[in-house]
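Right, one structure below, let's go through it.
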Amino acid sequence: MLVPVDFHIHSCLSPCADDDMTPANIAGMAYLAGMKAFAITDHNSALNLPAAKAAADKLGLALLPGMEVTTREETHCLVYFESVENALAFGEVLYESLGASMNLPRLFGNQYVADENDTIVKVIPKLLIQASSFSIDKLSSAAHEYGGLLVPAHINRGSNGMLSSLGMVPQSPRFTALEVSRGLPCPDTDSFGYRRIHSSDAHRLEQIIEPAFHIDLPGDEVSARAIYCSMAGWLRMNNEK
Ligand SMILES: [Zn+2]
Ligand SMILES: [Zn+2]
């Protein structure tokens, strides 16, 4: 079954996203856009996922828990989890791995954590768009302990895409898929043996206007678990290549 989704959306926790990108607003936009599932993937943090899960549940949508990690190489890599709890646990490890720069809201933007009623309950002090000390390899092994599935983000984009920051997609570690930005040239990644996914990478509500991708799920169940299991299957196949 082909399921309309968007697996790369930033909430008001990402300083570069608008303040009205609250979890409930994002879920509402995803619903109106006809999606059955979406992911919130804030920079280096999972702290808005509990509110996003509550908002998704209210609308009958599936929330795939995720985040967008900045590695030591300044490569952006999406990581997806089976549960919000696993994402939060890995998020704590990741936060410790970030550099010491604090956020300057007037310069970078706000880093708001919301509750399920869209009330701002916390402000995160460390700048979330700075790089982690984790290399791609270290990120792979560290996230693996929490069941994290790695998808290098917008690999063909000039800033923070893997093809520009590393110059290639490395043979190892093995990834789950590659996210390719539409509308930008991209070398033939079929030779890497990976599936491609597309996403909006939305930072503003008006960028959530249509499903960015359709994921093929084996059964009728649309849930975070079903999506995660399907993507974990991609990784198993990639590991055998
Ligand atoms: Zn990015
Ligand atoms: Zn992003």
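In the structure tokens, the first chain shown is A, the next is B, and so on; residue numbers restart at 1 for each chain, and ligands run from 1 in the order shown.
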Around ligand 2, at most 8 Å away and counting only C-alpha atoms and all ligand atoms, which residues are there? Put them as a short mmCIF file (atom, residue, chain, number, x, y, z; two decimals) with N, CA and C atoms, in the first residue's frame, please.
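Result file result_3.cif:
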```
data_model
loop_
_atom_site.label_atom_id
_atom_site.label_comp_id
_atom_site.auth_asym_id
_atom_site.auth_seq_id
_atom_site.Cartn_x
_atom_site.Cartn_y
_atom_site.Cartn_z
N HIS A 8 10.52 14.75 6.85
CA HIS A 8 11.56 15.73 7.20
C HIS A 8 10.90 17.09 7.38
N ILE A 9 10.50 17.39 8.61
CA ILE A 9 9.82 18.64 8.94
C ILE A 9 10.43 19.18 10.24
N HIS A 10 10.69 20.48 10.26
CA HIS A 10 11.27 21.11 11.47
C HIS A 10 10.18 21.83 12.27
N THR A 41 11.66 16.29 12.50
CA THR A 41 13.11 16.02 12.52
C THR A 41 13.83 17.32 12.85
N ASP A 42 13.83 17.67 14.13
CA ASP A 42 14.51 18.90 14.52
C ASP A 42 16.02 18.69 14.56
N HIS A 43 16.72 19.79 14.46
CA HIS A 43 18.18 19.72 14.51
C HIS A 43 18.63 19.24 15.89
N GLU A 68 17.32 15.43 13.01
CA GLU A 68 18.33 15.66 11.97
C GLU A 68 19.64 16.02 12.67
N HIS A 76 24.44 16.67 7.34
CA HIS A 76 23.14 16.47 7.99
C HIS A 76 22.67 15.05 7.72
N ALA A 153 20.66 13.36 4.83
CA ALA A 153 19.66 14.31 4.37
C ALA A 153 20.13 15.10 3.16
N ASP A 201 11.54 19.11 3.96
CA ASP A 201 12.47 19.85 4.82
C ASP A 201 11.82 21.19 5.21
N ALA A 202 10.53 21.12 5.53
CA ALA A 202 9.76 22.35 5.79
C ALA A 202 10.23 23.03 7.06
N HIS A 203 10.39 24.35 6.95
CA HIS A 203 10.69 25.19 8.11
C HIS A 203 9.55 26.19 8.35
#
```
(request) Write out as a list in words all residues of range 178-231 of chain A that backbone DSSP assigns to strand (DSSP E or B). (result) Leu178, Glu179, Arg196, Ile197, Ala202, Phe213, His214, Ile215 and Asp216 of chain A
Hey, which bits of chain A sit within 12 Å of ligand 1, and for each residue what's the closest pair of atoms and how far apart in Å (one decimal), counting only C-alpha atoms and all ligand atoms, rows by chain and increasing number, as CSV?
```
residue,atom,partner,partner_atom_place_in_ligand_line,distance
A:His8,CA,ligand 1,1 (Zn),8.9
A:Ile9,CA,ligand 1,1 (Zn),10.0
A:His10,CA,ligand 1,1 (Zn),9.6
A:Ser14,CA,ligand 1,1 (Zn),10.8
A:Cys16,CA,ligand 1,1 (Zn),10.5
A:Ala17,CA,ligand 1,1 (Zn),11.6
A:Thr41,CA,ligand 1,1 (Zn),9.4
A:Asp42,CA,ligand 1,1 (Zn),9.3
A:His43,CA,ligand 1,1 (Zn),7.9
A:Asn44,CA,ligand 1,1 (Zn),10.6
A:Met67,CA,ligand 1,1 (Zn),10.2
A:Glu68,CA,ligand 1,1 (Zn),6.7
A:Val69,CA,ligand 1,1 (Zn),8.3
A:Thr70,CA,ligand 1,1 (Zn),8.0
A:Thr71,CA,ligand 1,1 (Zn),10.9
A:Glu74,CA,ligand 1,1 (Zn),9.8
A:Thr75,CA,ligand 1,1 (Zn),8.0
A:His76,CA,ligand 1,1 (Zn),5.1
A:Cys77,CA,ligand 1,1 (Zn),7.4
A:Leu78,CA,ligand 1,1 (Zn),8.3
A:Val79,CA,ligand 1,1 (Zn),11.8
A:Ile129,CA,ligand 1,1 (Zn),9.5
A:Gln130,CA,ligand 1,1 (Zn),11.8
A:Ala131,CA,ligand 1,1 (Zn),11.7
A:Val151,CA,ligand 1,1 (Zn),11.3
A:Pro152,CA,ligand 1,1 (Zn),9.1
A:Ala153,CA,ligand 1,1 (Zn),5.9
A:His154,CA,ligand 1,1 (Zn),6.6
A:Ile155,CA,ligand 1,1 (Zn),9.2
A:Asn156,CA,ligand 1,1 (Zn),11.0
A:Arg157,CA,ligand 1,1 (Zn),8.8
A:Gly158,CA,ligand 1,1 (Zn),10.4
A:Ser159,CA,ligand 1,1 (Zn),7.9
A:Asn160,CA,ligand 1,1 (Zn),6.3
A:Gly161,CA,ligand 1,1 (Zn),7.3
A:Met162,CA,ligand 1,1 (Zn),10.1
A:Ser165,CA,ligand 1,1 (Zn),11.9
A:Glu179,CA,ligand 1,1 (Zn),10.2
A:Val180,CA,ligand 1,1 (Zn),11.2
A:Ser181,CA,ligand 1,1 (Zn),10.4
A:Ser199,CA,ligand 1,1 (Zn),10.9
A:Ser200,CA,ligand 1,1 (Zn),10.7
A:Asp201,CA,ligand 1,1 (Zn),7.3
A:Ala202,CA,ligand 1,1 (Zn),10.1
A:His203,CA,ligand 1,1 (Zn),10.5
```
Please produce a file of those selected residues containing C-alpha atoms, as a PDB file, in the first residue's frame.
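What ended up in part_12.pdb:
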```pdb
ATOM      1  CA  HIS A   8      11.559  15.735   7.203  1.00  0.00           C
ATOM      2  CA  ILE A   9       9.823  18.645   8.945  1.00  0.00           C
ATOM      3  CA  HIS A  10      11.265  21.115  11.467  1.00  0.00           C
ATOM      4  CA  SER A  14      14.778  24.267  15.387  1.00  0.00           C
ATOM      5  CA  CYS A  16      15.797  28.194  11.756  1.00  0.00           C
ATOM      6  CA  ALA A  17      12.082  27.215  11.733  1.00  0.00           C
ATOM      7  CA  THR A  41      13.105  16.023  12.524  1.00  0.00           C
ATOM      8  CA  ASP A  42      14.512  18.900  14.524  1.00  0.00           C
ATOM      9  CA  HIS A  43      18.179  19.723  14.507  1.00  0.00           C
ATOM     10  CA  ASN A  44      19.927  17.553  17.087  1.00  0.00           C
ATOM     11  CA  MET A  67      15.763  14.087  14.283  1.00  0.00           C
ATOM     12  CA  GLU A  68      18.331  15.663  11.967  1.00  0.00           C
ATOM     13  CA  VAL A  69      21.842  15.263  13.298  1.00  0.00           C
ATOM     14  CA  THR A  70      24.749  17.496  12.294  1.00  0.00           C
ATOM     15  CA  THR A  71      27.809  15.280  12.299  1.00  0.00           C
ATOM     16  CA  GLU A  74      28.973  19.086   9.031  1.00  0.00           C
ATOM     17  CA  THR A  75      26.839  16.524   7.209  1.00  0.00           C
ATOM     18  CA  HIS A  76      23.138  16.471   7.985  1.00  0.00           C
ATOM     19  CA  CYS A  77      21.834  12.982   8.655  1.00  0.00           C
ATOM     20  CA  LEU A  78      18.241  12.076   9.507  1.00  0.00           C
ATOM     21  CA  VAL A  79      17.812   9.407  12.157  1.00  0.00           C
ATOM     22  CA  ILE A 129      22.357  23.846  14.832  1.00  0.00           C
ATOM     23  CA  GLN A 130      25.990  23.380  15.854  1.00  0.00           C
ATOM     24  CA  ALA A 131      27.818  20.186  14.997  1.00  0.00           C
ATOM     25  CA  VAL A 151      19.166   8.504   6.171  1.00  0.00           C
ATOM     26  CA  PRO A 152      21.675  11.147   5.004  1.00  0.00           C
ATOM     27  CA  ALA A 153      19.655  14.314   4.374  1.00  0.00           C
ATOM     28  CA  HIS A 154      19.429  16.294   1.105  1.00  0.00           C
ATOM     29  CA  ILE A 155      22.616  14.588  -0.141  1.00  0.00           C
ATOM     30  CA  ASN A 156      22.680  16.697  -3.325  1.00  0.00           C
ATOM     31  CA  ARG A 157      22.322  20.076  -1.588  1.00  0.00           C
ATOM     32  CA  GLY A 158      25.344  22.328  -1.431  1.00  0.00           C
ATOM     33  CA  SER A 159      25.111  23.125   2.269  1.00  0.00           C
ATOM     34  CA  ASN A 160      25.400  20.179   4.653  1.00  0.00           C
ATOM     35  CA  GLY A 161      24.596  17.562   2.003  1.00  0.00           C
ATOM     36  CA  MET A 162      26.775  14.462   2.056  1.00  0.00           C
ATOM     37  CA  SER A 165      30.578  17.766   2.723  1.00  0.00           C
ATOM     38  CA  GLU A 179      17.222  11.663   0.969  1.00  0.00           C
ATOM     39  CA  VAL A 180      17.511  13.489  -2.343  1.00  0.00           C
ATOM     40  CA  SER A 181      16.298  17.087  -2.772  1.00  0.00           C
ATOM     41  CA  SER A 199      10.882  15.280   1.787  1.00  0.00           C
ATOM     42  CA  SER A 200       9.859  18.901   2.170  1.00  0.00           C
ATOM     43  CA  ASP A 201      12.472  19.853   4.819  1.00  0.00           C
ATOM     44  CA  ALA A 202       9.757  22.347   5.792  1.00  0.00           C
ATOM     45  CA  HIS A 203      10.689  25.194   8.109  1.00  0.00           C
TER      46      HIS A 203
END
```
Min atom-atom distance to Asp19 in chain A from the set A:Leu163, A:Leu149, A:Gly109, A:Val169, counting only C-alpha atoms, belongs to A:Gly109
Excluding same-chain residues fewer than 6 positions from Phe134 in chain A, what lies within 10 Å of it counting only C-alpha atoms, as a PyMOL selection string?
chain A and resi 69-73+94+97-98+140-142
For Glu145 in chain A, the closest of A:Val93, A:Leu128, A:Met102, A:Val121 counting only C-alpha atoms is A:Val93
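Between CA of Ser223 in chain A and CA of Ala37 in chain A the separation is 7.7 Å.
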Any idea what's packed within 7 Å of range 211-222 of chain A, counting only C-alpha atoms, ignoring anything in its chain fewer than 5 positions away? Could you give it as a list in words? Met1, Leu2, Val3, Pro4, Val5, Asp6, Ala33, Gly34, Met35, Ala62, Ile197, His198, Ser199, Ser200, Ile227 and Ser230 of chain A
Between A:Asn25, A:Arg106, A:Ala89, A:Met231, smallest distance to Ala54 in chain A by only C-alpha atoms belongs to A:Asn25
**Request:** Find the residues near Ala51 in chain A: any atom within 7 Å, counting only C-alpha atoms, skip ones fewer than 4 places away on the same chain, and give them as number ranges by chain.
**Result:** A: 23, 55, 114-116
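The closest residue to Gln111 in chain A, picked from A:Leu166, A:Cys186, A:Ala24, A:Ala46 and counting only C-alpha atoms, is A:Ala46.
Our summary of the geometry notes that CA of Leu64 in chain A is positioned 22.3 Å from CA of Pro173 in chain A.
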Shortest contact to Ala30 in chain A, candidates A:Gly60, A:Pro105, A:Ser164, A:Ile136, atoms counted only C-alpha atoms, goes to A:Gly60
